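Report on one structure; see the data block that follows.
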Amino acid sequence: MINPAQVKQLLRSFWGCGRTEILVNTARTLLSGGTCTAPVLRCRVQRCTGLTWVVQCLIRVSLCLAGISLLPGHADADEGANLPPREFRSKNFVMRTDLPERDAQQLLDKMETMLRIVSGYWGAPSRKTIECCVVSNADTWPAELLPAPVRPHVQNGGLTVAQGVRIGRQMNVSAVSYASSRFGTPQHEAVHAYCYQTFGSTGPTWYAEGMAEMGNYWVENNSGVNTPDYVIDFLRNSDRPSIDEITSLDQASGDGWRNYAWRWALCHFMVNNSNYSDRFRTYGISLLNGKRQTFGSAFDSQRKELEFEFGFFLDHLQSGFDCRRCSWDWKSRFRTPRTDRPLSATIKADRGWQPAVLRMVPGQKYRIEWDGTWNTNSTQSRPDSSPKSPDQPSTEESPGQQLLKGCVMLQGQKLQLSEPFEVHSGKSFAGEFAGDLYLRCPDSWDSLEGNSGTVRLQISAEN
Ligand SMILES: [Zn+2]
């Protein structure tokens with residue numbers, strides 16, 4: 001955390017003018033107990049420079065000091081180089097860094113890609129150049145480039161400082177990011193800087209940090225999970241906070257990587273799940289524009305389904321898991337088949353659980369037959385039990401092509417799934433559960449992206 005004296009010194013380092021004094025005094029009144037409990041600061045100033053009168057001035061200090069520190073991982077930098085900081089530029093960034101030139105250029109490329117993704121997501125191009133300092137070894141940096149209050153915090157984390165003016169609806173905010181070269185911190189801090197300069201805000205802490213972590217991990221045209229294994233292990237094996245707890249407005253940045261992991265998980269899920277992604281984008285932009293609606297009220301009408309799907313995502317979290325391909329279909333109508341009128345459904349090989357439209361009754365016998373062709377990874381076969389031509393791969397060589405996986409959404413107040421089971425084409429089976437049948441290609445959850453093809457089902461009840 002940063003204390004009032006450090007804030008004052010920090011601000012003086014950047015903007016050593018009378019205006020800064022006014023802001024610092026206001027900042028000090030908002031800081032208590034020697035720690036920064038309210039990193040978003042607002043104040044009014046009487047006069048700026050020359051003839052310009054400023055109606056409102058805002059300063060925000062975004063602290064990500066502990067967000068991704070103390071973690072295992074590789075350094076992005078050649079830490080033994082001990083180079084002096086130099087300036088590198090790209091289309092949207094000016095970066096000062098002590099990284100070797102090749103690493104610096106590679107990082108700039110990553111930052112440009114990240115910026116293209118996030119600005120495309122929010123539908124708002126970056127308003128101005130983003131200034132950032134990426135630090136491998138703080139000892140090589142002069143004080144004028146790396147102010148003393150920042151130094152302790154760029155070892156394993158980062159800090160973004162924004163300053164600007166707003167006159168009515170007009171806004172001009174500039175941000176400077178300071179980041180360790182490790183753990184993707186430069187990308188994380190650059191998201192903060194982009195949000196400040198584009199919207200004047202980063203939104204509440206959970207959204208600011210969750211989306212900044214998205215910037216760290218986002219891969220263009222790939223919605224699969226791309227976080228390090230230790231984050232996945234933590235999220236899968238820890239007691240889960242509720243969504244209300246994750247999105248509580250009573251949070252401050254820099255409160256530890258575990259909280260950052262939960263924020264990332266929720267934001268990643270919401271950005272990529274097609275049931276919620278559009279509304280989440282609109283809601284997020286409203287947060288960036290200063291609205292304070294809680295997450296719970298924004299998604300109240302979808303709360304039951306959202307909590308189920310978020311829990312399902314965490315249950316199956318692994319590298320490559322794709323929320324977009326595993327979005328639940330809540331619109332299909334499930335029915336009870338008649339013996340003389342089978343139900344029809346289609347199952348895609350590249351999706352998660354899909355409605356088979358069968359409402360099962362315990363003890364009732366059913367028969368499912370299917371036909372169609374699909375590709376799973378590198379194999380191709382007919383996913384039925386009919387004889388194969390010699391030039392078709394044997395289904396024995398590609399287990400899973402002969403069968404589908406099934407599960408039942410159990411009837412009841414709570415959305416709950418049965419244990420998965422196997423469904424074979426042309427074989428009768430008795431319903432064990434009361435509920436709605438879902439089927440999927442029996443492929444691993446991280447392999448759906450490489451699959452293609454469709455199975456057409458006929459489901460009938462047997463006497
Ligand atoms: Zn942050």
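Residue names in the structure tokens use chain letters A, B, ... in the order shown, residue numbers from 1 in each chain, and ligand numbers from 1 in the order shown.
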Legend entry - Asn289 in chain A environment, 9 Å, only C-alpha atoms, sequence neighbours closer than 3 positions dropped, as a ChimeraX atom specification: /A:199-203,284-286
For C-alpha atoms, I'd like the residues from the last selection saved as a compact mmCIF listing (two decimals), in the first residue's frame.
# COMPACT_ATOMS: atom_id res chain seq x y z
CA PHE A 199 -13.01 6.70 -20.40
CA GLY A 200 -11.52 8.70 -17.50
CA SER A 201 -12.04 5.72 -15.22
CA THR A 202 -11.23 2.05 -14.79
CA GLY A 203 -14.52 1.22 -13.08
CA GLY A 284 -18.87 -2.69 -18.32
CA ILE A 285 -18.93 0.41 -20.51
CA SER A 286 -21.49 1.95 -18.15
Inset, instruction - Would you mind listing what lies within 12 Å of Val231 in chain A as a ChimeraX atom specification, with only C-alpha atoms counted and same-chain residues fewer than 2 positions away left out? - result: /A:68,71-73,213,217,225-229,233-238,257-265,314,317-319
Those same residues - N, CA and C atoms - I'd like them written as a PDB file, in the first residue's frame.
ATOM      1  N   ILE A  68       0.112  -9.358  -8.481  1.00  0.00           N
ATOM      2  CA  ILE A  68       0.700 -10.538  -9.094  1.00  0.00           C
ATOM      3  C   ILE A  68       2.112 -10.756  -8.582  1.00  0.00           C
ATOM      4  N   LEU A  71       4.639 -14.714  -6.929  1.00  0.00           N
ATOM      5  CA  LEU A  71       4.171 -15.869  -7.676  1.00  0.00           C
ATOM      6  C   LEU A  71       5.327 -16.544  -8.392  1.00  0.00           C
ATOM      7  N   PRO A  72       5.223 -17.853  -8.575  1.00  0.00           N
ATOM      8  CA  PRO A  72       6.197 -18.492  -9.437  1.00  0.00           C
ATOM      9  C   PRO A  72       5.969 -18.040 -10.868  1.00  0.00           C
ATOM     10  N   GLY A  73       6.938 -18.179 -11.686  1.00  0.00           N
ATOM     11  CA  GLY A  73       6.755 -17.788 -13.082  1.00  0.00           C
ATOM     12  C   GLY A  73       8.070 -17.374 -13.678  1.00  0.00           C
ATOM     13  N   GLU A 213      -6.435  -8.052 -15.952  1.00  0.00           N
ATOM     14  CA  GLU A 213      -5.885  -9.394 -16.071  1.00  0.00           C
ATOM     15  C   GLU A 213      -6.282 -10.029 -17.399  1.00  0.00           C
ATOM     16  N   TYR A 217      -3.876 -11.812 -20.388  1.00  0.00           N
ATOM     17  CA  TYR A 217      -3.989 -13.184 -20.899  1.00  0.00           C
ATOM     18  C   TYR A 217      -4.709 -13.299 -22.240  1.00  0.00           C
ATOM     19  N   VAL A 225      -9.181 -20.625 -22.284  1.00  0.00           N
ATOM     20  CA  VAL A 225      -8.451 -20.203 -21.090  1.00  0.00           C
ATOM     21  C   VAL A 225      -6.950 -20.226 -21.369  1.00  0.00           C
ATOM     22  N   ASN A 226      -6.279 -19.158 -20.964  1.00  0.00           N
ATOM     23  CA  ASN A 226      -4.857 -19.014 -21.267  1.00  0.00           C
ATOM     24  C   ASN A 226      -4.074 -18.533 -20.049  1.00  0.00           C
ATOM     25  N   THR A 227      -4.545 -18.887 -18.864  1.00  0.00           N
ATOM     26  CA  THR A 227      -3.863 -18.452 -17.644  1.00  0.00           C
ATOM     27  C   THR A 227      -2.816 -19.475 -17.239  1.00  0.00           C
ATOM     28  N   PRO A 228      -1.840 -19.064 -16.417  1.00  0.00           N
ATOM     29  CA  PRO A 228      -0.832 -20.024 -15.943  1.00  0.00           C
ATOM     30  C   PRO A 228      -1.472 -21.120 -15.087  1.00  0.00           C
ATOM     31  N   ASP A 229      -0.775 -22.237 -14.999  1.00  0.00           N
ATOM     32  CA  ASP A 229      -1.321 -23.391 -14.274  1.00  0.00           C
ATOM     33  C   ASP A 229      -1.580 -23.081 -12.803  1.00  0.00           C
ATOM     34  N   ASP A 233      -4.938 -23.980 -10.900  1.00  0.00           N
ATOM     35  CA  ASP A 233      -4.938 -24.861  -9.719  1.00  0.00           C
ATOM     36  C   ASP A 233      -5.592 -24.174  -8.532  1.00  0.00           C
ATOM     37  N   PHE A 234      -5.249 -22.914  -8.346  1.00  0.00           N
ATOM     38  CA  PHE A 234      -5.833 -22.183  -7.218  1.00  0.00           C
ATOM     39  C   PHE A 234      -7.349 -22.091  -7.360  1.00  0.00           C
ATOM     40  N   LEU A 235      -7.821 -21.718  -8.540  1.00  0.00           N
ATOM     41  CA  LEU A 235      -9.258 -21.514  -8.726  1.00  0.00           C
ATOM     42  C   LEU A 235     -10.034 -22.822  -8.611  1.00  0.00           C
ATOM     43  N   ARG A 236      -9.424 -23.902  -9.032  1.00  0.00           N
ATOM     44  CA  ARG A 236     -10.133 -25.195  -8.977  1.00  0.00           C
ATOM     45  C   ARG A 236     -10.151 -25.787  -7.576  1.00  0.00           C
ATOM     46  N   ASN A 237      -9.173 -25.445  -6.777  1.00  0.00           N
ATOM     47  CA  ASN A 237      -9.002 -26.146  -5.502  1.00  0.00           C
ATOM     48  C   ASN A 237      -9.246 -25.269  -4.282  1.00  0.00           C
ATOM     49  N   SER A 238      -9.836 -24.124  -4.478  1.00  0.00           N
ATOM     50  CA  SER A 238     -10.060 -23.226  -3.348  1.00  0.00           C
ATOM     51  C   SER A 238     -11.552 -23.083  -3.076  1.00  0.00           C
ATOM     52  N   TRP A 257      -2.892 -11.632  -5.180  1.00  0.00           N
ATOM     53  CA  TRP A 257      -3.118 -12.269  -6.478  1.00  0.00           C
ATOM     54  C   TRP A 257      -4.324 -13.206  -6.469  1.00  0.00           C
ATOM     55  N   ARG A 258      -4.655 -13.754  -5.307  1.00  0.00           N
ATOM     56  CA  ARG A 258      -5.797 -14.676  -5.271  1.00  0.00           C
ATOM     57  C   ARG A 258      -7.094 -13.935  -5.610  1.00  0.00           C
ATOM     58  N   ASN A 259      -7.254 -12.733  -5.075  1.00  0.00           N
ATOM     59  CA  ASN A 259      -8.446 -11.949  -5.419  1.00  0.00           C
ATOM     60  C   ASN A 259      -8.440 -11.571  -6.902  1.00  0.00           C
ATOM     61  N   TYR A 260      -7.240 -11.299  -7.423  1.00  0.00           N
ATOM     62  CA  TYR A 260      -7.138 -10.986  -8.848  1.00  0.00           C
ATOM     63  C   TYR A 260      -7.562 -12.186  -9.702  1.00  0.00           C
ATOM     64  N   ALA A 261      -7.213 -13.372  -9.217  1.00  0.00           N
ATOM     65  CA  ALA A 261      -7.575 -14.583  -9.969  1.00  0.00           C
ATOM     66  C   ALA A 261      -9.088 -14.739 -10.058  1.00  0.00           C
ATOM     67  N   TRP A 262      -9.805 -14.494  -8.954  1.00  0.00           N
ATOM     68  CA  TRP A 262     -11.274 -14.610  -8.990  1.00  0.00           C
ATOM     69  C   TRP A 262     -11.880 -13.556  -9.909  1.00  0.00           C
ATOM     70  N   ARG A 263     -11.324 -12.346  -9.856  1.00  0.00           N
ATOM     71  CA  ARG A 263     -11.845 -11.278 -10.729  1.00  0.00           C
ATOM     72  C   ARG A 263     -11.614 -11.625 -12.193  1.00  0.00           C
ATOM     73  N   TRP A 264     -10.417 -12.155 -12.485  1.00  0.00           N
ATOM     74  CA  TRP A 264     -10.165 -12.575 -13.867  1.00  0.00           C
ATOM     75  C   TRP A 264     -11.154 -13.661 -14.282  1.00  0.00           C
ATOM     76  N   ALA A 265     -11.362 -14.642 -13.401  1.00  0.00           N
ATOM     77  CA  ALA A 265     -12.233 -15.765 -13.766  1.00  0.00           C
ATOM     78  C   ALA A 265     -13.626 -15.265 -14.138  1.00  0.00           C
ATOM     79  N   LEU A 314     -15.878 -23.100 -13.490  1.00  0.00           N
ATOM     80  CA  LEU A 314     -14.834 -23.337 -12.487  1.00  0.00           C
ATOM     81  C   LEU A 314     -14.596 -24.829 -12.279  1.00  0.00           C
ATOM     82  N   LEU A 317     -12.461 -25.858 -15.269  1.00  0.00           N
ATOM     83  CA  LEU A 317     -11.407 -24.925 -15.658  1.00  0.00           C
ATOM     84  C   LEU A 317     -10.104 -25.654 -15.985  1.00  0.00           C
ATOM     85  N   GLN A 318      -9.597 -25.417 -17.151  1.00  0.00           N
ATOM     86  CA  GLN A 318      -8.316 -25.960 -17.580  1.00  0.00           C
ATOM     87  C   GLN A 318      -7.837 -25.133 -18.766  1.00  0.00           C
ATOM     88  N   SER A 319      -6.569 -25.227 -19.016  1.00  0.00           N
ATOM     89  CA  SER A 319      -6.015 -24.496 -20.147  1.00  0.00           C
ATOM     90  C   SER A 319      -6.732 -24.927 -21.423  1.00  0.00           C
TER      91      SER A 319
END
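Closest to His316 in chain A among A:Val219, A:Ile232, A:Ala298, A:Val423 is A:Ile232, based on only C-alpha atoms.
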Inset, instruction - Kindly indicate which residue among A:Tyr121, A:Tyr178, A:Phe312, A:Phe421 lies nearest to ligand 1, using only C-alpha atoms and all ligand atoms for the distances. - result: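 The shortest atom-to-atom distance to ligand 1 comes from A:Tyr178.
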Legend entry - d(CA of Ser181 in chain A, CA of His268 in chain A) in Å: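 Between CA of Ser181 in chain A and CA of His268 in chain A the gap is 23.3 Å.
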List every residue of chain A that has an atom at most 12 Å from any atom of ligand 1, giving for each one its closest atom pair and the distance in Å to one decimal, counting only C-alpha atoms and all ligand atoms, sorted by chain and then by ascending residue number, as a tab-separated table.
residue	atom	partner	partner_atom_place_in_ligand_line	distance
A:Pro39	CA	ligand 1	1 (Zn)	11.5
A:Val61	CA	ligand 1	1 (Zn)	10.4
A:Ser62	CA	ligand 1	1 (Zn)	6.7
A:Leu63	CA	ligand 1	1 (Zn)	6.2
A:Cys64	CA	ligand 1	1 (Zn)	4.3
A:Leu65	CA	ligand 1	1 (Zn)	7.9
A:Ala66	CA	ligand 1	1 (Zn)	9.2
A:Gly67	CA	ligand 1	1 (Zn)	6.8
A:Ile68	CA	ligand 1	1 (Zn)	9.0
A:Ser69	CA	ligand 1	1 (Zn)	11.7
A:Gly157	CA	ligand 1	1 (Zn)	8.7
A:Gly158	CA	ligand 1	1 (Zn)	7.2
A:Leu159	CA	ligand 1	1 (Zn)	7.4
A:Thr160	CA	ligand 1	1 (Zn)	7.9
A:Val161	CA	ligand 1	1 (Zn)	11.1
A:Ser177	CA	ligand 1	1 (Zn)	10.2
A:Tyr178	CA	ligand 1	1 (Zn)	10.9
A:Ala179	CA	ligand 1	1 (Zn)	10.1
A:Gly184	CA	ligand 1	1 (Zn)	11.1
A:Thr185	CA	ligand 1	1 (Zn)	8.4
A:Pro186	CA	ligand 1	1 (Zn)	10.0
A:Gln187	CA	ligand 1	1 (Zn)	9.8
A:His188	CA	ligand 1	1 (Zn)	6.1
A:Glu189	CA	ligand 1	1 (Zn)	5.9
A:Ala190	CA	ligand 1	1 (Zn)	9.1
A:Val191	CA	ligand 1	1 (Zn)	8.2
A:His192	CA	ligand 1	1 (Zn)	6.6
A:Ala193	CA	ligand 1	1 (Zn)	9.7
A:Tyr194	CA	ligand 1	1 (Zn)	11.9
A:Cys195	CA	ligand 1	1 (Zn)	11.3
A:Thr202	CA	ligand 1	1 (Zn)	9.4
A:Gly203	CA	ligand 1	1 (Zn)	11.3
A:Pro204	CA	ligand 1	1 (Zn)	11.2
A:Thr205	CA	ligand 1	1 (Zn)	8.4
A:Trp206	CA	ligand 1	1 (Zn)	9.6
A:Tyr207	CA	ligand 1	1 (Zn)	9.9
A:Ala208	CA	ligand 1	1 (Zn)	6.7
A:Glu209	CA	ligand 1	1 (Zn)	4.7
A:Gly210	CA	ligand 1	1 (Zn)	8.2
A:Met211	CA	ligand 1	1 (Zn)	8.8
A:Ala212	CA	ligand 1	1 (Zn)	6.0
A:Glu213	CA	ligand 1	1 (Zn)	7.5
A:Met214	CA	ligand 1	1 (Zn)	10.7
A:Gly215	CA	ligand 1	1 (Zn)	10.4
A:Asn216	CA	ligand 1	1 (Zn)	10.3
A:Ala252	CA	ligand 1	1 (Zn)	10.0
A:Ser253	CA	ligand 1	1 (Zn)	6.5
A:Gly254	CA	ligand 1	1 (Zn)	7.3
A:Asp255	CA	ligand 1	1 (Zn)	10.1
A:Gly256	CA	ligand 1	1 (Zn)	10.7
A:Trp257	CA	ligand 1	1 (Zn)	10.3
A:Asn259	CA	ligand 1	1 (Zn)	11.4
A:Tyr260	CA	ligand 1	1 (Zn)	8.6
A:Ala261	CA	ligand 1	1 (Zn)	11.7
A:Arg263	CA	ligand 1	1 (Zn)	10.9
A:Trp264	CA	ligand 1	1 (Zn)	11.1
C-alpha atoms of the current selection, written as a PDB file, in the first residue's frame:
ATOM      1  CA  PRO A  39      -7.546   5.116  -4.784  1.00  0.00           C
ATOM      2  CA  VAL A  61      -3.915   6.393  -8.459  1.00  0.00           C
ATOM      3  CA  SER A  62      -4.375   2.817  -9.502  1.00  0.00           C
ATOM      4  CA  LEU A  63      -2.315   0.491  -7.389  1.00  0.00           C
ATOM      5  CA  CYS A  64      -1.606  -3.048  -8.413  1.00  0.00           C
ATOM      6  CA  LEU A  65       1.197  -3.485  -6.004  1.00  0.00           C
ATOM      7  CA  ALA A  66       0.476  -6.932  -4.692  1.00  0.00           C
ATOM      8  CA  GLY A  67      -1.683  -8.184  -7.495  1.00  0.00           C
ATOM      9  CA  ILE A  68       0.700 -10.538  -9.094  1.00  0.00           C
ATOM     10  CA  SER A  69       3.637 -10.574  -6.767  1.00  0.00           C
ATOM     11  CA  GLY A 157       3.856  -5.390  -9.462  1.00  0.00           C
ATOM     12  CA  GLY A 158       2.827  -2.159 -11.046  1.00  0.00           C
ATOM     13  CA  LEU A 159       1.293   1.226 -10.619  1.00  0.00           C
ATOM     14  CA  THR A 160      -0.669   3.480 -12.941  1.00  0.00           C
ATOM     15  CA  VAL A 161      -1.106   7.155 -12.175  1.00  0.00           C
ATOM     16  CA  SER A 177       2.147   3.180 -16.051  1.00  0.00           C
ATOM     17  CA  TYR A 178       5.040   1.768 -14.061  1.00  0.00           C
ATOM     18  CA  ALA A 179       5.415  -1.968 -14.227  1.00  0.00           C
ATOM     19  CA  GLY A 184       2.618  -9.755 -17.799  1.00  0.00           C
ATOM     20  CA  THR A 185       2.438  -6.696 -15.555  1.00  0.00           C
ATOM     21  CA  PRO A 186       3.138  -4.222 -18.419  1.00  0.00           C
ATOM     22  CA  GLN A 187       0.048  -5.443 -20.296  1.00  0.00           C
ATOM     23  CA  HIS A 188      -2.037  -5.350 -17.111  1.00  0.00           C
ATOM     24  CA  GLU A 189      -1.024  -1.770 -16.303  1.00  0.00           C
ATOM     25  CA  ALA A 190      -1.469  -0.703 -19.928  1.00  0.00           C
ATOM     26  CA  VAL A 191      -5.145  -1.718 -19.727  1.00  0.00           C
ATOM     27  CA  HIS A 192      -5.544   0.607 -16.739  1.00  0.00           C
ATOM     28  CA  ALA A 193      -3.806   3.409 -18.626  1.00  0.00           C
ATOM     29  CA  TYR A 194      -5.981   2.867 -21.708  1.00  0.00           C
ATOM     30  CA  CYS A 195      -9.161   2.955 -19.599  1.00  0.00           C
ATOM     31  CA  THR A 202     -11.227   2.049 -14.788  1.00  0.00           C
ATOM     32  CA  GLY A 203     -14.520   1.216 -13.081  1.00  0.00           C
ATOM     33  CA  PRO A 204     -14.861  -0.465  -9.684  1.00  0.00           C
ATOM     34  CA  THR A 205     -11.924  -2.504  -8.439  1.00  0.00           C
ATOM     35  CA  TRP A 206     -13.282  -5.939  -9.357  1.00  0.00           C
ATOM     36  CA  TYR A 207     -13.949  -4.836 -12.943  1.00  0.00           C
ATOM     37  CA  ALA A 208     -10.755  -2.779 -13.297  1.00  0.00           C
ATOM     38  CA  GLU A 209      -8.499  -5.575 -12.123  1.00  0.00           C
ATOM     39  CA  GLY A 210     -10.438  -8.408 -13.732  1.00  0.00           C
ATOM     40  CA  MET A 211     -10.336  -6.742 -17.137  1.00  0.00           C
ATOM     41  CA  ALA A 212      -6.680  -5.742 -16.688  1.00  0.00           C
ATOM     42  CA  GLU A 213      -5.885  -9.394 -16.071  1.00  0.00           C
ATOM     43  CA  MET A 214      -7.880 -10.174 -19.215  1.00  0.00           C
ATOM     44  CA  GLY A 215      -5.511  -7.849 -21.063  1.00  0.00           C
ATOM     45  CA  ASN A 216      -2.635  -9.841 -19.694  1.00  0.00           C
ATOM     46  CA  ALA A 252      -9.215  -1.983  -3.129  1.00  0.00           C
ATOM     47  CA  SER A 253      -6.581  -2.833  -5.696  1.00  0.00           C
ATOM     48  CA  GLY A 254      -3.386  -4.497  -4.567  1.00  0.00           C
ATOM     49  CA  ASP A 255      -5.124  -6.932  -2.236  1.00  0.00           C
ATOM     50  CA  GLY A 256      -3.337 -10.069  -3.423  1.00  0.00           C
ATOM     51  CA  TRP A 257      -3.118 -12.269  -6.478  1.00  0.00           C
ATOM     52  CA  ASN A 259      -8.446 -11.949  -5.419  1.00  0.00           C
ATOM     53  CA  TYR A 260      -7.138 -10.986  -8.848  1.00  0.00           C
ATOM     54  CA  ALA A 261      -7.575 -14.583  -9.969  1.00  0.00           C
ATOM     55  CA  ARG A 263     -11.845 -11.278 -10.729  1.00  0.00           C
ATOM     56  CA  TRP A 264     -10.165 -12.575 -13.867  1.00  0.00           C
TER      57      TRP A 264
END
Inset, instruction - Run DSSP on the backbone of this structure and report the residues of range 219-387 of chain A it assigns to helix (DSSP H, G or I), as a PyMOL selection string. - result: chain A and resi 229-237+243-246+257-272+277-288+295-298+300-315
Who sits within 8 Å of His424 in chain A, only C-alpha atoms, same chain under 4 positions skipped, as a tab-separated table (two decimals) with N, CA and C atoms, in the first residue's frame:
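The resulting out-v1.tsv:
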chain	number	residue	atom	x	y	z
A	368	ILE	N	-31.73	-44.21	-28.85
A	368	ILE	CA	-31.21	-43.08	-29.60
A	368	ILE	C	-30.35	-43.60	-30.74
A	369	GLU	N	-30.62	-43.14	-31.93
A	369	GLU	CA	-29.78	-43.48	-33.09
A	369	GLU	C	-29.30	-42.18	-33.71
A	402	GLN	N	-17.77	-43.68	-31.36
A	402	GLN	CA	-18.91	-44.60	-31.41
A	402	GLN	C	-20.00	-44.20	-30.44
A	403	LEU	N	-19.70	-43.29	-29.58
A	403	LEU	CA	-20.67	-43.00	-28.53
A	403	LEU	C	-20.70	-41.50	-28.26
A	404	LEU	N	-21.73	-41.12	-27.58
A	404	LEU	CA	-21.84	-39.74	-27.09
A	404	LEU	C	-21.83	-39.77	-25.57
Inset, instruction - Pick out the residues sitting within 10 Å of Gln293 in chain A, and hand them over as a list in words; count only C-alpha atoms, and ignore anything fewer than 6 positions along from it in its own chain. - result: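 Residues near the query, excluding close chain neighbours: Leu249, Tyr283, Ser286 and Leu287 of chain A.
The smallest atom-to-atom distance between Thr346 in chain A and any of A:Phe321, A:Tyr366, A:Phe280, A:Tyr438, using only C-alpha atoms, is found for A:Tyr438.
Among the candidates A:Leu99, A:Cys407, A:Met360, A:Met270, the one nearest to Gly431 in chain A when counting only C-alpha atoms is A:Met360.
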Inset, instruction - Would you kindly return, as a list in words, each protein, DNA or RNA residue with an atom no farther than 10 Å from any atom of Leu415 in chain A, considering only C-alpha atoms and excluding same-chain residues fewer than 5 positions away? - result: Lys304, Glu305, Glu307, Phe308, Glu309, Met409 and Leu410 of chain A
Could you write those residues out with C-alpha atoms, as a PDB file, in the first residue's frame?
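Full text of out_6.pdb as output:
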ATOM      1  CA  LYS A 304     -29.823 -18.606 -11.576  1.00  0.00           C
ATOM      2  CA  GLU A 305     -28.414 -19.595 -14.948  1.00  0.00           C
ATOM      3  CA  GLU A 307     -24.413 -18.911 -11.172  1.00  0.00           C
ATOM      4  CA  PHE A 308     -24.843 -22.415 -12.589  1.00  0.00           C
ATOM      5  CA  GLU A 309     -22.708 -21.723 -15.652  1.00  0.00           C
ATOM      6  CA  MET A 409     -30.265 -31.506 -15.883  1.00  0.00           C
ATOM      7  CA  LEU A 410     -32.140 -32.762 -12.864  1.00  0.00           C
TER       8      LEU A 410
END
Inset, instruction - Just give me the gap between CA of Ile246 in chain A and CA of Thr294 in chain A in Å, one decimal is fine. - result: 11.3 Å
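In this structure, CA of Gly311 in chain A sits 14.5 Å away from CA of Tyr276 in chain A.
Using only C-alpha atoms, the nearest neighbour of Gly290 in chain A within the list A:Tyr196, A:Asn82, A:Arg335, A:Phe310 is A:Tyr196.
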